[in-house]
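Note: the block below is data_32.csv and it holds CSV, C-alpha atoms.
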chain,number,residue,atom,x,y,z
A,22,MET,CA,-68.7,27.5,21.4
A,23,ILE,CA,-71.4,26.6,18.9
A,24,ALA,CA,-69.0,27.2,16.0
A,25,THR,CA,-66.6,24.7,17.7
A,26,LEU,CA,-69.3,22.1,18.1
A,27,ILE,CA,-70.5,22.5,14.5
A,28,GLY,CA,-66.9,22.3,13.3
A,29,LEU,CA,-66.4,19.1,15.3
A,30,VAL,CA,-69.5,17.5,14.0
A,31,SER,CA,-68.7,18.5,10.4
A,32,SER,CA,-65.2,16.9,10.8
A,33,LEU,CA,-66.7,13.7,12.2
A,34,VAL,CA,-69.1,13.5,9.3
A,35,THR,CA,-66.2,13.8,6.9
A,36,ILE,CA,-64.3,11.1,8.7
A,37,LEU,CA,-67.3,8.8,8.7
A,38,ILE,CA,-67.6,9.3,4.9
A,39,PHE,CA,-64.0,8.1,4.5
A,40,THR,CA,-64.5,5.3,7.0
A,41,PHE,CA,-67.6,3.8,5.4
A,42,LEU,CA,-66.8,4.6,1.8
A,43,LYS,CA,-63.2,3.4,1.6
A,44,ARG,CA,-63.2,3.3,-2.2
A,45,ILE,CA,-63.6,7.0,-2.6
A,46,ASP,CA,-60.4,8.8,-3.3
A,47,LYS,CA,-59.5,11.1,-0.4
A,48,ASN,CA,-58.0,13.7,-2.7
A,49,THR,CA,-61.2,14.0,-4.5
A,50,ILE,CA,-63.2,14.5,-1.4
A,51,TYR,CA,-60.7,17.0,0.0
A,52,GLY,CA,-60.8,18.9,-3.3
A,53,LEU,CA,-64.6,19.0,-3.4
A,54,ILE,CA,-64.7,20.3,0.2
A,55,LEU,CA,-62.1,23.0,-0.6
A,56,MET,CA,-64.2,24.1,-3.6
A,57,ALA,CA,-67.4,24.1,-1.5
A,58,ILE,CA,-65.9,26.2,1.3
A,59,GLY,CA,-64.7,28.7,-1.3
A,60,PHE,CA,-68.1,29.0,-2.9
A,61,LEU,CA,-69.9,29.4,0.5
A,62,TYR,CA,-68.5,33.0,0.6
A,63,ILE,CA,-70.5,33.8,-2.5
A,64,GLY,CA,-73.7,32.6,-0.9
A,65,TYR,CA,-73.0,34.7,2.2
A,66,THR,CA,-72.0,37.9,0.3
A,67,TRP,CA,-74.3,38.0,-2.7
A,68,THR,CA,-76.2,41.0,-1.3
A,69,ASP,CA,-73.1,43.3,-1.6
A,70,PHE,CA,-71.9,43.4,-5.2
A,71,GLU,CA,-68.3,44.4,-4.5
A,72,THR,CA,-67.8,41.8,-1.8
A,73,ALA,CA,-69.5,39.1,-4.0
A,74,ILE,CA,-67.0,39.8,-6.8
A,75,LEU,CA,-64.1,39.5,-4.4
A,76,SER,CA,-65.7,36.2,-3.0
A,77,PHE,CA,-66.1,35.0,-6.6
A,78,MET,CA,-62.4,35.6,-7.3
A,79,GLN,CA,-61.3,33.7,-4.2
A,80,ALA,CA,-63.7,30.9,-5.0
A,81,MET,CA,-62.2,30.6,-8.5
A,82,PHE,CA,-58.7,30.6,-7.0
A,83,PHE,CA,-59.5,27.8,-4.6
A,84,MET,CA,-61.3,25.8,-7.3
A,85,VAL,CA,-58.1,25.9,-9.4
A,86,LEU,CA,-56.1,24.7,-6.4
A,87,ALA,CA,-58.7,21.9,-5.7
A,88,TYR,CA,-58.5,20.8,-9.4
A,89,LEU,CA,-54.7,20.7,-9.3
A,90,GLY,CA,-54.8,18.8,-6.0
A,91,ILE,CA,-57.2,16.2,-7.4
A,92,LYS,CA,-55.5,15.8,-10.8
A,93,ARG,CA,-51.8,16.5,-10.2
A,94,ASN,CA,-50.5,16.5,-6.6
A,95,CYS,CA,-52.1,16.5,-3.2
A,96,TRP,CA,-49.8,19.3,-2.1
A,97,PHE,CA,-52.0,21.7,-4.0
A,98,LEU,CA,-54.8,20.7,-1.6
A,99,VAL,CA,-52.5,21.3,1.4
A,100,ALA,CA,-51.7,24.7,0.0
A,101,GLY,CA,-55.4,25.4,-0.6
A,102,TYR,CA,-56.4,24.6,2.9
A,103,PHE,CA,-53.6,26.7,4.3
A,104,LEU,CA,-54.3,29.6,2.1
A,105,HIS,CA,-58.0,29.4,2.9
A,106,GLY,CA,-57.1,29.7,6.6
A,107,ILE,CA,-55.2,32.8,5.8
A,108,TRP,CA,-58.2,34.1,3.8
A,109,ASP,CA,-60.4,33.5,6.8
A,110,MET,CA,-58.1,35.7,8.9
A,111,ILE,CA,-57.7,38.6,6.4
A,112,TYR,CA,-61.3,38.6,5.3
A,113,PRO,CA,-62.4,41.1,7.9
A,114,LEU,CA,-59.7,43.5,6.7
A,115,VAL,CA,-60.6,43.4,3.0
A,116,ALA,CA,-64.4,42.9,3.1
A,117,ASN,CA,-67.5,43.3,5.3
A,118,PRO,CA,-67.4,40.6,7.9
A,119,ASP,CA,-71.0,41.3,8.9
A,120,LEU,CA,-72.1,39.4,5.8
A,121,LEU,CA,-70.7,36.1,7.1
A,122,PRO,CA,-72.4,34.0,9.8
A,123,PRO,CA,-71.2,34.7,13.3
A,124,ASP,CA,-68.0,32.9,14.2
A,125,TYR,CA,-67.6,31.5,10.7
A,126,ASP,CA,-63.8,31.9,10.9
A,127,TYR,CA,-63.8,29.8,14.1
A,128,PHE,CA,-65.9,27.1,12.4
A,129,CYS,CA,-63.5,26.8,9.5
A,130,LEU,CA,-60.5,26.7,11.9
A,131,TYR,CA,-62.0,23.9,13.9
A,132,VAL,CA,-63.0,21.9,10.9
A,133,ARG,CA,-59.4,22.0,9.6
A,134,PHE,CA,-58.0,21.3,13.1
A,135,TYR,CA,-60.1,18.3,13.9
A,136,CYS,CA,-59.7,16.8,10.4
A,137,ARG,CA,-55.9,17.1,10.7
A,138,LEU,CA,-56.0,15.5,14.1
A,139,LEU,CA,-58.0,12.5,12.9
A,140,PHE,CA,-56.3,12.1,9.5
A,141,ASN,CA,-52.6,11.4,9.0
A,142,ASP,CA,-52.4,12.3,5.3
A,143,PRO,CA,-54.0,15.1,3.2
As a first step, turn the structure in this file into structure tokens.
Amino acid sequence: MIATLIGLVSSLVTILIFTFLKRIDKNTIYGLILMAIGFLYIGYTWTDFETAILSFMQAMFFMVLAYLGIKRNCWFLVAGYFLHGIWDMIYPLVANPDLLPPDYDYFCLYVRFYCRLLFNDP
């Protein structure tokens, strides 16, 4: 339940940023958020070298998708957020889920869900 509330609040903060700062390009913000959520895994997993390397590789992958989404086409951002959702689901199968905060996968799911409800375009 706490992860859901934190996800809702994070989504609302993102939406408020877009509402009050209308001049900011949405693709840039979405790209920066995609990069940040990829790099969060490194911060959570740095105590286990093998998992940190895996987290670094996924962060680089999502950074490339974010860059392409900002510079080329927003569909790279759509693909990035979709693939990050898949990453959240398979992470416990490929790495130690105890290194992540409790209910982190639910938090990410709800952030994406609420942002999609409140925004019509990527």
Practice task
Can you pull out every residue within 7 Å of Leu121 (chain A), counting all atoms listed in the file, but drop anything in the same chain fewer than 3 positions away, and send it as a ChimeraX atom specification?
Solution key: /A:65,118,125
Exercise for the section: Excluding region 92-95 of chain A and any residue of its chain fewer than 5 positions from it, enumerate the residues within 10 Å of it, using only C-alpha atoms, and give them as number ranges by chain. Expected result: A: 47-49, 51-52, 86-87, 100-101, 142-143
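The space between CA of Asp126 (chain A) and CA of Ile107 (chain A) spans 10.0 Å.
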Practice task
Enter the distance from CA of Ser76 (chain A) to CA of Phe60 (chain A), in Å, rounded to one decimal.
Solution key: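 So the answer is 7.6 Å.
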Handout entry: Nearest-residue call for His105 (chain A), choices A:Val132, A:Asp46, A:Ile58, A:Asp69, using all atoms listed in the file
Key =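 Of A:Val132, A:Asp46, A:Ile58, A:Asp69, the one nearest His105 (chain A), counting all atoms listed in the file, is A:Ile58.
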Exercise for the section: To one decimal in Å, tell me the separation between CA of Met110 (chain A) and CA of Cys129 (chain A). Expected result: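 Going from CA of Met110 (chain A) over to CA of Cys129 (chain A), I get 10.4 Å.
Using all atoms listed in the file, the residues found no farther than 12 Å from Ile50 (chain A), other than those of its own chain fewer than 5 positions away, are Thr35, Ile36, Ile38, Phe39, Leu42, Lys43, Arg44, Ile45, Leu55, Met56, Ala57, Ala87, Tyr88, Gly90, Ile91, Cys95, Leu98 and Pro143 of chain A.
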